[in-house]
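**Q** For reference, the file structure05.cif (mmCIF, C-alpha atoms) is included below:
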```cif
data_data
loop_
_atom_site.label_atom_id
_atom_site.label_comp_id
_atom_site.auth_asym_id
_atom_site.auth_seq_id
_atom_site.Cartn_x
_atom_site.Cartn_y
_atom_site.Cartn_z
CA MET R 96 57.21 107.29 136.41
CA THR R 97 57.17 105.35 139.66
CA LEU R 98 60.31 106.81 141.18
CA ALA R 99 60.69 110.51 141.89
CA LEU R 100 63.71 112.66 142.63
CA ALA R 101 63.59 114.34 146.03
CA ALA R 102 65.48 117.55 146.84
CA CYS R 103 66.80 117.65 143.27
CA LYS R 104 66.58 121.22 142.07
CA ARG R 105 68.65 123.69 140.09
CA GLY R 106 71.37 125.05 142.35
CA ALA R 107 71.73 121.76 144.22
CA ALA R 108 74.45 120.59 141.81
CA ASP R 109 76.84 122.00 139.24
CA LEU R 110 75.26 120.23 136.29
CA LEU R 111 71.68 119.47 135.35
CA LEU R 112 70.82 117.96 131.97
CA SER R 113 67.45 116.67 130.83
CA GLY R 114 65.59 115.73 127.70
CA GLN R 115 63.38 113.22 125.95
CA THR R 116 64.24 109.57 125.29
CA MET R 117 62.56 106.15 125.04
CA GLY R 118 59.10 107.72 125.10
CA THR R 119 59.82 109.36 128.46
CA THR R 120 62.34 111.81 129.96
CA TYR R 121 65.88 111.61 131.24
CA THR R 122 67.63 113.65 133.93
CA ILE R 123 71.31 113.82 134.81
CA VAL R 124 72.43 115.64 137.95
CA ALA R 125 76.17 115.80 138.67
CA VAL R 126 78.79 117.54 140.77
CA GLU R 127 81.45 119.02 138.51
CA PRO R 128 84.92 117.58 139.18
CA ARG R 129 87.63 119.94 140.42
CA GLY R 130 89.47 119.80 137.12
CA GLY R 131 86.43 121.18 135.32
CA LEU R 132 84.15 119.65 132.72
CA ASN R 133 83.48 120.22 129.02
CA LYS R 134 79.70 120.31 129.30
CA ASP R 135 79.10 120.64 125.56
CA ALA R 136 81.19 117.55 124.87
CA LEU R 137 79.36 115.65 127.61
CA LYS R 138 75.99 116.60 126.14
CA THR R 139 77.15 115.44 122.71
CA ALA R 140 78.31 112.11 124.16
CA ILE R 141 75.01 111.66 126.02
CA ASP R 142 73.02 112.28 122.83
CA ALA R 143 75.16 109.75 120.97
CA ALA R 144 74.73 107.13 123.71
CA LEU R 145 70.95 107.59 123.69
CA GLN R 146 70.82 107.28 119.90
CA ASP R 147 72.84 104.07 120.08
CA VAL R 148 70.53 102.58 122.72
CA ASP R 149 67.50 103.50 120.60
CA LYS R 150 69.07 101.82 117.53
CA LYS R 151 69.41 98.60 119.50
CA MET R 152 66.68 98.43 122.14
CA SER R 153 63.65 100.41 120.94
CA ASN R 154 60.49 98.45 120.08
CA TRP R 155 59.13 101.66 118.57
CA ASN R 156 62.01 102.03 116.09
CA PRO R 157 61.24 99.70 113.13
CA THR R 158 64.92 99.50 112.16
CA SER R 159 66.28 98.79 115.66
CA GLU R 160 68.10 95.58 116.52
CA ILE R 161 65.21 94.29 118.62
CA SER R 162 62.73 95.07 115.81
CA ARG R 163 64.89 93.11 113.36
CA ILE R 164 65.01 90.19 115.81
CA ASN R 165 61.23 90.28 116.15
CA ALA R 166 60.87 90.15 112.36
CA LEU R 167 62.96 86.96 112.09
CA LYS R 168 61.51 83.69 110.90
CA ALA R 169 61.90 80.65 113.13
CA ASP R 170 65.32 78.97 113.27
CA THR R 171 67.06 81.89 111.57
CA PRO R 172 70.34 82.75 113.37
CA PHE R 173 70.89 86.38 114.32
CA PHE R 174 74.30 87.70 115.36
CA LEU R 175 73.82 89.93 118.39
CA SER R 176 75.62 93.14 119.25
CA ALA R 177 77.64 93.00 122.47
CA ASP R 178 75.07 95.21 124.20
CA MET R 179 72.11 93.04 123.18
CA LEU R 180 73.98 89.92 124.23
CA GLU R 181 74.64 91.42 127.67
CA LEU R 182 70.98 92.39 128.03
CA LEU R 183 69.67 88.98 126.97
CA GLN R 184 72.06 87.14 129.28
CA THR R 185 70.87 89.26 132.20
CA ALA R 186 67.24 88.69 131.20
CA GLN R 187 67.81 84.94 131.09
CA ASP R 188 69.38 84.93 134.56
CA VAL R 189 66.39 86.80 136.02
CA HIS R 190 63.98 84.56 134.09
CA ASP R 191 65.59 81.41 135.48
CA THR R 192 65.47 82.64 139.10
CA SER R 193 62.00 84.25 139.11
CA ASP R 194 59.81 81.18 138.52
CA LYS R 195 60.15 82.12 134.82
CA GLN R 196 57.83 85.08 135.39
CA PHE R 197 60.28 87.63 134.01
CA ASP R 198 59.77 86.94 130.34
CA LEU R 199 60.82 89.07 127.38
CA THR R 200 58.64 87.11 124.95
CA LEU R 201 55.30 88.46 126.19
CA GLY R 202 55.06 90.67 123.10
CA PRO R 203 52.03 88.90 121.53
CA LEU R 204 50.17 89.10 124.84
CA ILE R 205 51.15 92.73 125.42
CA ASP R 206 49.76 93.62 121.98
CA LEU R 207 46.66 91.47 122.49
CA TRP R 208 45.78 93.24 125.74
CA GLY R 209 46.42 96.66 124.17
CA PHE R 210 49.55 97.60 126.12
CA GLY R 211 52.04 97.54 123.24
CA THR R 212 52.65 99.92 120.37
CA GLN R 213 48.90 100.27 119.81
CA LYS R 214 46.58 102.26 122.07
CA PRO R 215 44.55 100.22 124.61
CA THR R 216 41.19 99.12 123.25
CA GLY R 217 39.62 98.50 126.65
CA ARG R 218 38.38 95.13 125.40
CA ILE R 219 39.00 91.78 127.09
CA PRO R 220 40.48 89.20 124.70
CA ASP R 221 38.70 85.86 124.68
CA SER R 222 40.31 82.66 125.92
CA ALA R 223 40.99 81.39 122.39
CA ALA R 224 42.93 84.54 121.51
CA VAL R 225 44.98 84.31 124.73
CA ALA R 226 45.73 80.63 124.07
CA LYS R 227 46.85 81.40 120.51
CA ALA R 228 49.18 84.19 121.70
CA MET R 229 50.62 81.89 124.36
CA GLN R 230 51.84 79.49 121.67
CA SER R 231 54.76 81.80 120.86
CA VAL R 232 55.39 82.91 124.47
CA GLY R 233 57.93 81.39 126.85
CA GLN R 234 61.47 82.68 127.01
CA SER R 235 63.07 79.31 127.79
CA GLU R 236 61.33 77.54 124.90
CA ALA R 237 60.99 80.32 122.33
CA LEU R 238 64.57 81.68 122.38
CA THR R 239 67.88 79.88 121.91
CA LEU R 240 71.03 81.76 122.83
CA ASP R 241 74.20 80.10 121.50
CA GLY R 242 77.29 82.20 122.10
CA ASN R 243 76.54 85.54 120.44
CA THR R 244 73.83 84.09 118.20
CA LEU R 245 70.09 84.11 118.88
CA SER R 246 67.33 82.16 117.16
CA LYS R 247 63.58 81.85 117.72
CA SER R 248 61.52 78.68 117.66
CA HIS R 249 58.32 80.47 116.53
CA ASP R 250 57.81 83.06 113.80
CA GLY R 251 55.41 84.93 116.05
CA THR R 252 57.71 85.32 119.06
CA GLN R 253 57.99 89.01 119.84
CA MET R 254 60.23 90.48 122.55
CA TYR R 255 59.45 93.69 124.40
CA LEU R 256 62.36 95.26 126.27
CA SER R 257 60.39 97.81 128.30
CA ALA R 258 61.06 95.91 131.54
CA ILE R 259 64.84 96.01 131.16
CA GLY R 260 65.76 98.40 128.33
CA LYS R 261 65.36 101.61 130.33
CA GLY R 262 67.66 100.23 132.99
CA PHE R 263 70.22 99.37 130.31
CA GLY R 264 69.97 102.94 129.00
CA VAL R 265 70.49 104.37 132.48
CA ASP R 266 73.64 102.31 132.98
CA ARG R 267 74.92 103.36 129.55
CA LEU R 268 74.46 107.04 130.45
CA GLY R 269 76.16 106.43 133.80
CA ASP R 270 79.18 104.97 131.99
CA THR R 271 79.20 107.99 129.68
CA VAL R 272 79.21 110.44 132.59
CA ARG R 273 82.01 108.49 134.33
CA SER R 274 84.12 108.62 131.17
CA PHE R 275 84.33 112.42 131.65
CA GLY R 276 85.88 112.01 135.10
CA VAL R 277 82.65 112.69 137.00
CA THR R 278 82.33 110.56 140.15
CA ASP R 279 79.31 112.16 141.87
CA PHE R 280 76.15 111.92 139.80
CA MET R 281 72.62 110.62 139.47
CA VAL R 282 71.13 109.47 136.14
CA GLU R 283 67.41 108.79 135.70
CA ILE R 284 65.29 107.64 132.76
CA GLY R 285 61.55 107.35 133.38
CA GLY R 286 62.10 106.49 137.06
CA ASP R 287 65.00 104.04 136.64
CA ILE R 288 68.08 105.38 138.39
CA ILE R 289 71.82 104.87 138.85
CA THR R 290 73.72 106.83 141.50
CA SER R 291 77.40 107.38 142.14
CA GLY R 292 79.06 109.11 145.08
CA LYS R 293 77.27 111.98 146.83
CA ASN R 294 75.26 115.05 145.90
CA ALA R 295 76.52 118.65 146.11
CA GLU R 296 75.71 118.76 149.83
CA GLY R 297 77.90 115.72 150.48
CA LEU R 298 74.89 113.51 151.17
CA PRO R 299 73.69 110.35 149.43
CA TRP R 300 71.39 111.11 146.50
CA GLN R 301 67.85 111.66 147.77
CA ILE R 302 65.44 109.27 146.03
CA ALA R 303 61.73 109.18 146.80
CA ILE R 304 59.49 106.14 146.39
CA GLU R 305 56.07 107.13 145.16
CA THR R 306 52.81 106.06 146.77
CA PRO R 307 51.15 103.74 144.20
CA ASP R 308 47.99 105.84 143.87
CA ALA R 309 46.89 106.92 140.39
CA ARG R 310 44.67 109.65 141.86
CA GLN R 311 47.50 111.73 143.30
CA ARG R 312 51.28 112.10 143.35
CA SER R 313 52.79 111.68 146.82
CA PHE R 314 55.92 110.17 148.32
CA LEU R 315 55.85 107.22 150.66
CA LYS R 316 59.52 107.11 151.60
CA VAL R 317 62.75 108.97 150.84
CA LEU R 318 66.06 107.08 150.79
CA GLY R 319 69.65 108.20 150.65
CA VAL R 320 71.19 106.14 147.83
CA SER R 321 74.83 105.96 146.70
CA ASP R 322 76.54 103.68 144.18
CA LEU R 323 73.42 101.65 143.44
CA GLY R 324 70.85 101.19 140.69
CA MET R 325 67.19 101.55 141.62
CA ALA R 326 63.90 100.89 139.84
CA THR R 327 60.23 100.64 140.71
CA SER R 328 57.59 98.68 138.84
CA GLY R 329 53.93 99.53 139.47
CA ASP R 330 50.50 98.60 138.15
CA TYR R 331 48.74 101.91 138.74
CA ARG R 332 49.65 104.08 135.73
CA ASN R 333 49.11 101.78 132.75
CA TYR R 334 45.76 100.00 133.00
CA PHE R 335 42.17 100.03 131.83
CA GLU R 336 38.83 99.20 133.43
CA HIS R 337 36.11 97.00 131.98
CA ASP R 338 32.76 96.32 133.70
CA GLY R 339 34.17 97.53 137.00
CA THR R 340 37.28 95.32 136.87
CA ARG R 341 40.78 96.79 136.65
CA TYR R 342 43.26 95.26 134.17
CA SER R 343 46.90 96.38 134.46
CA HIS R 344 49.79 95.97 132.01
CA ILE R 345 51.53 93.55 134.41
CA LEU R 346 50.95 90.19 132.71
CA SER R 347 51.58 86.70 134.00
CA ALA R 348 53.71 84.47 131.77
CA THR R 349 51.77 81.51 133.17
CA THR R 350 48.17 82.62 132.58
CA GLY R 351 48.65 85.16 129.79
CA ARG R 352 46.44 87.57 131.74
CA PRO R 353 46.97 90.60 133.99
CA VAL R 354 47.98 89.66 137.53
CA THR R 355 45.27 89.88 140.20
CA HIS R 356 47.20 89.94 143.49
CA ALA R 357 47.27 92.90 145.91
CA THR R 358 50.82 94.09 145.26
CA ALA R 359 50.74 97.54 143.66
CA SER R 360 54.44 98.28 143.31
CA VAL R 361 57.90 96.89 143.98
CA SER R 362 61.11 98.90 144.34
CA VAL R 363 64.50 97.20 143.99
CA LEU R 364 68.03 98.44 144.66
CA THR R 365 70.97 96.50 143.26
CA GLN R 366 74.37 96.97 141.63
CA ASN R 367 73.07 98.47 138.40
CA ALA R 368 69.88 99.87 136.92
CA MET R 369 69.39 97.09 134.37
CA LEU R 370 69.18 94.42 137.08
CA ALA R 371 66.98 96.64 139.26
CA ASP R 372 64.64 97.25 136.32
CA ALA R 373 64.29 93.55 135.53
CA TRP R 374 63.89 92.44 139.15
CA ALA R 375 61.31 95.10 139.98
CA THR R 376 59.14 93.77 137.15
CA ALA R 377 59.73 90.11 138.02
CA LEU R 378 58.83 90.60 141.68
CA LEU R 379 55.72 92.59 140.83
CA VAL R 380 54.52 89.81 138.53
CA VAL R 381 54.84 87.13 141.23
CA GLY R 382 53.45 89.39 143.97
CA ARG R 383 54.56 90.03 147.52
CA GLU R 384 54.15 86.59 149.10
CA ARG R 385 56.24 84.66 146.58
CA GLY R 386 58.27 87.73 145.69
CA MET R 387 59.59 88.14 149.22
CA GLU R 388 60.81 84.54 149.17
CA ILE R 389 62.60 85.01 145.85
CA ALA R 390 64.07 88.39 146.84
CA GLU R 391 65.43 87.08 150.14
CA ARG R 392 66.93 84.06 148.34
CA GLN R 393 68.59 86.37 145.79
CA ASN R 394 69.73 88.77 148.55
CA LEU R 395 67.86 91.66 146.93
CA ALA R 396 66.95 94.95 148.57
CA ALA R 397 63.23 95.11 147.71
CA LEU R 398 60.23 97.04 149.03
CA PHE R 399 56.73 95.70 148.26
CA ILE R 400 53.68 97.95 148.57
CA ASP R 401 50.32 96.15 148.82
CA ARG R 402 46.79 97.49 148.63
CA GLU R 403 44.76 96.44 151.64
CA ILE R 404 41.08 97.06 152.28
CA THR R 405 40.06 97.79 155.87
CA SER R 406 36.48 98.76 156.76
CA GLY R 407 35.79 99.52 153.13
CA LYS R 408 38.76 101.87 152.81
CA MET R 409 41.92 101.20 150.82
CA ARG R 410 45.30 101.73 152.42
CA PHE R 411 48.85 100.78 151.53
CA GLU R 412 51.09 98.46 153.52
CA THR R 413 54.83 98.10 152.98
CA TYR R 414 56.93 94.94 153.29
CA ALA R 415 60.73 95.12 153.07
CA THR R 416 63.34 92.43 152.61
CA ASP R 417 66.19 92.26 155.09
CA GLN R 418 68.53 93.90 152.58
CA PHE R 419 66.13 96.81 152.02
CA ALA R 420 65.53 97.23 155.76
CA SER R 421 69.28 97.71 156.23
CA ILE R 422 69.18 100.82 154.01
CA GLN R 423 68.75 103.79 156.29
CA PRO R 424 66.30 106.58 155.35
CA SER R 425 67.96 109.84 154.43
#
```
Once more with this new file: its structure as structure tokens, please.
**A**
Amino acid sequence: MTLALAACKRGAADLLLSGQTMGTTYTIVAVEPRGGLNKDALKTAIDAALQDVDKKMSNWNPTSEISRINALKADTPFFLSADMLELLQTAQDVHDTSDKQFDLTLGPLIDLWGFGTQKPTGRIPDSAAVAKAMQSVGQSEALTLDGNTLSKSHDGTQMYLSAIGKGFGVDRLGDTVRSFGVTDFMVEIGGDIITSGKNAEGLPWQIAIETPDARQRSFLKVLGVSDLGMATSGDYRNYFEHDGTRYSHILSATTGRPVTHATASVSVLTQNAMLADAWATALLVVGRERGMEIAERQNLAALFIDREITSGKMRFETYATDQFASIQPS
């Protein structure tokens, strides 16, 4: 988890719910409305929403909608659910505006490098294997979206939704909480967050950005966030080392290999968690130099954290877009 909750403890709000979902954890913190709240009914609705998201978006559920899409043969039309259509349209927008580096079709490469449903092997795939996997990669070429129908141009095209699916789930839970008349809440799944209103102290929700250091857990910055989605993508939790070289799960859609630039994490705040999730990944793939240009052009609030070596010692430097700089610390 690359985002942490600051000053979020029992007693700080009227409602605290948590549990397991999507291979990680979820947390909901809310201020109970004056008219009261049926907490059992809310918990039942949350469980149902999570089950529905899993049935559609989970790459680890063999009967899910995304798993059935991945099993399709080329040129076979698939009628999408409204939720999957919304997700794919958002993914296409981010793909088109991120130098095509946000790409859902990296599944064959993710599996090849050992970052998919199988455990990492720690082995470096050879160039021939990378080239073969790349034949079915490329969101613009491999997927055709026609109304509410999707088709693939290659049998082997496999989509992974890990870079956008959690954000979708967060937004879905946020909608569920709102449907019970709750206006002040924070929902988090594995570090992706949506906030609404204020916390029990009447302050913006306190969200901490983690220092991208796998050796320890520490916070670099705490923000007061209201009515925004937030996500962080980092390269420092999911990686392996081979012959002294570090290979992260952040893969380039151009080279088919892990990125090698100095950017360790990117945090994005935007109108919902799904967009924040997708953009945090896209900007991390392209790295800080190009990422800052794209983020400023898209008017995104983004914070880049780079590793920098000075006198043999590693330190972290932060670079914020104008939109992010306008967000005042808590």
**Q** If I put a ball of radius 10 Å at (72.9, 108.2, 151.6) in the file's coordinates, which residues poke into it when counting all atoms listed in the file, written as a ChimeraX atom specification?
**A** /R:292-294,297-302,318-322,422-425
**Q** For each of R:Glu160, R:Ala224, R:Asp308, R:Leu323, take the minimum atom-to-atom distance to Phe280 in chain R, counting all atoms listed in the file, then give the residue where this is smallest.
**A**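 Ranking R:Glu160, R:Ala224, R:Asp308, R:Leu323 by distance to Phe280 in chain R, first place goes to R:Leu323.
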**Q** Could you please determine the separation between CA of Leu379 in chain R and CA of Gly264 in chain R in Å, to one decimal place?
**A** 21.2 Å
**Q** With all atoms listed in the file as the atoms that count, which of R:Leu145, R:Ala357, R:Leu245, R:Ala166 lies nearest to Arg383 in chain R?
**A**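 Closest to Arg383 in chain R, using all atoms listed in the file: R:Ala357.
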**Q** One number please: CA of Thr355 in chain R to CA of Met229 in chain R, in Å, one decimal.
**A** 18.5 Å
**Q** For a test of reading the model, state the distance in Å between CA of Val363 in chain R and CA of Lys138 in chain R, rounded to one decimal.
**A**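 About the pair CA of Val363 in chain R and CA of Lys138 in chain R: they are 28.8 Å apart.
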**Q** Just the residues within 12 Å of range 331-337 of chain R, please, counting only C-alpha atoms, with nothing from its chain fewer than 6 positions along; format it as a VMD selection string.
**A** chain R and resid 96 to 97 205 208 to 211 214 to 220 305 to 312 343 to 346 353 to 354 357 to 361 379 400 to 402
**Q** Need the shell around range 113-129 of chain R: protein/DNA/RNA residues with any atom at most 7 Å away, counting all atoms listed in the file. Skip same-chain ones fewer than 3 positions apart. Format as a list in words?
**A**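 What passes the distance filter is Ala108, Asp109, Leu110, Leu132, Gly276, Val277, Asp279, Phe280, Met281, Val282, Glu283, Ile284, Gly285, Asn294 and Ala295 of chain R.
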**Q** Evaluating the PyMOL selection byres ((chain R and resi 187) around 12) on the displayed file yields which residues, as a VMD selection string?
**A** chain R and resid 180 to 186 188 to 200 233 to 236 238 to 240 259 370 373 to 374 377
